[in-house]
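Enquirer: Provided herewith is a single structure, encoded as structure tokens, for subsequent inquiry.
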Amino acid sequence: MPEIKSQSLATMAVASSALRAQQGRMRVIAENIANANSTSRTAGGDPYRRQVPVFKPTKVQGAEGVQMLRVDPDQSDFKTEYDPGNPAADAKGYVKLPNVNTMVEALDMKEAQRAYEANLNVIETARAMESRTLDILKK
């Protein structure tokens, strides 16, 4: 007998994979924001480097979902500031600051939150549709 696959279950599996991916993305963004003002502990050393989540498509319940594959460091240049009294300053008096732009991180966080909410709505709608279908079949 052929296996009957529920489209609703596949929909919920795709949405929940996206929920996990966005949750991971929000954790990375929160770490970036938390370290936006950190400097190196050693003179002339590198400060915190912004992290960027990398996603990949993945199979879930016979459909195409998403997962966070890894977190890569952002290779953009560090900002520098002249502060010769800072213990992290190099020989010329410049301190390297993280390559984190808090405005960009805040916008990324808002986008991740909205994507998370949208996927929650997909799950809620799929459950409601399944419940309504069962109610119709009972009659």
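Chain labels run A, B, ... following the order of the structure tokens; each chain numbers its residues from 1, and ligands are numbered from 1 in the order shown.
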So that I can see what lies close to Arg70 in chain A, please list as a list in words the residues with an atom at most 8 Å from it, counting only C-alpha atoms and leaving out residues fewer than 6 positions away in the same chain.
Expert: Pro53, Val54 and Phe55 of chain A
Enquirer: Mind checking DSSP for chain A and telling me the helix (DSSP H, G or I) residues as a ChimeraX atom specification?
Expert: /A:7-34,102-138
Enquirer: Skip range 38-42 of chain A itself and residues of its chain fewer than 6 positions away, then list as a ChimeraX atom specification all residues within 12 Å of it, counting only C-alpha atoms.
Expert: /A:31-32,48-50,78-81,83,86-91,94-100
Enquirer: So that I have them on file, write out the residues from the current selection with N, CA and C atoms, as a short mmCIF file (atom, residue, chain, number, x, y, z; two decimals), in the first residue's frame.
Expert:
data_model
loop_
_atom_site.label_atom_id
_atom_site.label_comp_id
_atom_site.auth_asym_id
_atom_site.auth_seq_id
_atom_site.Cartn_x
_atom_site.Cartn_y
_atom_site.Cartn_z
N GLU A 31 24.86 38.10 19.89
CA GLU A 31 26.28 38.04 20.24
C GLU A 31 27.04 39.20 19.59
N ASN A 32 26.71 39.50 18.34
CA ASN A 32 27.37 40.63 17.65
C ASN A 32 27.09 41.94 18.38
N TYR A 48 36.78 41.74 18.72
CA TYR A 48 35.73 40.80 18.28
C TYR A 48 35.46 41.01 16.80
N ARG A 49 35.30 39.92 16.08
CA ARG A 49 34.98 39.98 14.65
C ARG A 49 33.52 39.56 14.49
N ARG A 50 32.77 40.37 13.78
CA ARG A 50 31.34 40.10 13.53
C ARG A 50 31.17 38.70 12.94
N PHE A 78 38.32 46.13 10.30
CA PHE A 78 37.97 46.70 11.60
C PHE A 78 37.98 48.21 11.50
N LYS A 79 37.20 48.85 12.35
CA LYS A 79 37.26 50.31 12.47
C LYS A 79 38.44 50.62 13.37
N THR A 80 39.02 51.80 13.21
CA THR A 80 40.10 52.21 14.10
C THR A 80 39.77 53.56 14.72
N GLU A 81 40.31 53.77 15.90
CA GLU A 81 40.09 55.02 16.63
C GLU A 81 41.39 55.41 17.32
N ASP A 83 43.31 56.49 20.21
CA ASP A 83 43.13 56.51 21.66
C ASP A 83 44.41 55.95 22.29
N ASN A 86 44.53 53.92 25.64
CA ASN A 86 43.83 52.63 25.75
C ASN A 86 44.84 51.49 25.78
N PRO A 87 44.67 50.51 26.67
CA PRO A 87 45.62 49.39 26.73
C PRO A 87 45.66 48.55 25.46
N ALA A 88 44.62 48.65 24.62
CA ALA A 88 44.58 47.88 23.37
C ALA A 88 45.19 48.66 22.20
N ALA A 89 45.69 49.88 22.44
CA ALA A 89 46.25 50.70 21.36
C ALA A 89 47.55 50.11 20.84
N ASP A 90 47.75 50.27 19.52
CA ASP A 90 49.02 49.81 18.93
C ASP A 90 50.10 50.86 19.15
N ALA A 91 51.27 50.67 18.55
CA ALA A 91 52.41 51.57 18.74
C ALA A 91 52.11 53.00 18.28
N TYR A 94 46.55 53.80 17.86
CA TYR A 94 45.24 53.45 17.31
C TYR A 94 44.71 52.15 17.92
N VAL A 95 43.43 52.15 18.20
CA VAL A 95 42.74 50.98 18.75
C VAL A 95 41.83 50.41 17.68
N LYS A 96 41.92 49.11 17.46
CA LYS A 96 41.00 48.46 16.52
C LYS A 96 39.68 48.20 17.23
N LEU A 97 38.59 48.57 16.56
CA LEU A 97 37.25 48.34 17.08
C LEU A 97 36.56 47.27 16.25
N PRO A 98 35.60 46.57 16.82
CA PRO A 98 34.91 45.50 16.09
C PRO A 98 34.27 46.02 14.80
N ASN A 99 34.14 45.12 13.83
CA ASN A 99 33.52 45.48 12.56
C ASN A 99 32.00 45.27 12.63
N VAL A 100 31.43 45.59 13.77
CA VAL A 100 29.99 45.44 14.02
C VAL A 100 29.32 46.80 13.92
#
Enquirer: Work out how far apart CA of Glu111 in chain A and CA of Asn35 in chain A are and give it in Å to one decimal.
Expert: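 If I compute the distance from CA of Glu111 in chain A to CA of Asn35 in chain A, I get 20.1 Å.
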Enquirer: Which residues come within 8 Å of Val60 in chain A, counting only C-alpha atoms, excluding same-chain residues fewer than 2 positions away, as a ChimeraX atom specification?
Expert: /A:10,13-14,17,58,62-65
Enquirer: Could you write out that same residue set with C-alpha atoms as a compact mmCIF listing (two decimals), in the first residue's frame?
Expert:
# COMPACT_ATOMS: atom_id res chain seq x y z
CA ALA A 10 5.34 18.78 5.49
CA ALA A 13 8.17 20.66 9.15
CA VAL A 14 9.40 23.31 6.71
CA SER A 17 13.07 24.18 10.30
CA THR A 58 17.70 20.68 3.71
CA GLY A 62 9.77 15.22 1.76
CA ALA A 63 9.94 19.01 1.33
CA GLU A 64 12.68 21.62 1.21
CA GLY A 65 13.43 23.27 4.55
Enquirer: Where in range 49-108 of chain A does DSSP assign strand (DSSP E or B), given as a count of residues only?
Expert: 29
Enquirer: Which residues come within 7 Å of Ala18 in chain A, counting only C-alpha atoms, excluding same-chain residues fewer than 6 positions away, as a list in words?
Expert: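 Result of the neighbour search: Gly65, Val66, Gln67 and Asn119 of chain A.
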Enquirer: Which one is closest to Val71 in chain A: A:Lys59, A:Lys110, A:Arg20, A:Arg27? Count only C-alpha atoms.
Expert: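 Looking only at the distances to Val71 in chain A, the closest residue turns out to be A:Arg27.
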Enquirer: Work out how far apart CA of Thr125 in chain A and CA of Lys56 in chain A are and give it in Å to one decimal.
Expert: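 Going from CA of Thr125 in chain A over to CA of Lys56 in chain A, I get 25.2 Å.
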